[in-house]
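Written out below as structure tokens is the structure these notes cover.
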Amino acid sequence: MEFTEDEINELYHEFMGHPAGTTKNKLHVVYLKSLNLSHQDIALIARVDTVLSQVLLKNQKALSSGVTILLKP
């Protein structure tokens, strides 16, 4: 899946501005995926279990209908 520069910037700002917690972690993973990093690299950087990162990254179909879906609390 390809992300536009605007979508990447939006993901970054949402990730950085979100309070700590599960949603922030998910935003971090999606942001890293938008940079075309491998699942293994994302798991290492975001410090998430590889299985968790794969589950989150499989939800890319939801992203195709709009990044804002994942950004709503």
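Identifiers in the structure tokens: chain A, B, ... in order shown; residue index from 1 per chain; ligand index from 1 in order shown.
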If we count only C-alpha atoms and set the cut-off at 10 Å, which residues sit around Thr4 (chain A), ignoring sequence neighbours fewer than 5 positions away in its own chain? Please answer as a PDB file with C-alpha atoms, in the first residue's frame.
ATOM      1  CA  ASN A   9       2.626  13.647   7.746  1.00  0.00           C
ATOM      2  CA  GLU A  10      -0.878  13.244   9.178  1.00  0.00           C
ATOM      3  CA  SER A  34       3.735   4.106   5.800  1.00  0.00           C
TER       4      SER A  34
END
Next on the checklist: With only C-alpha atoms as the counted atoms, please give the residues lying no more than 7 Å from region 28-30 of chain A, apart from itself and same-chain residues fewer than 2 positions off, as a ChimeraX atom specification.
Outcome noted: /A:15,24-26,32-34,42,46
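Interatomic distance, CA of Ala43 (chain A) to CA of Leu27 (chain A): 13.1 Å.
Taking only C-alpha atoms into account, Glu2 (chain A) lies nearest to A:Leu35 out of the set A:Leu35, A:Ala20, A:Arg47, A:Asp41.
The interatomic distance for the pair CA of Tyr31 (chain A) and CA of Tyr12 (chain A) works out to 6.1 Å.
Atom pair CA of Val48 (chain A) / CA of Gly17 (chain A): separated by 19.8 Å.
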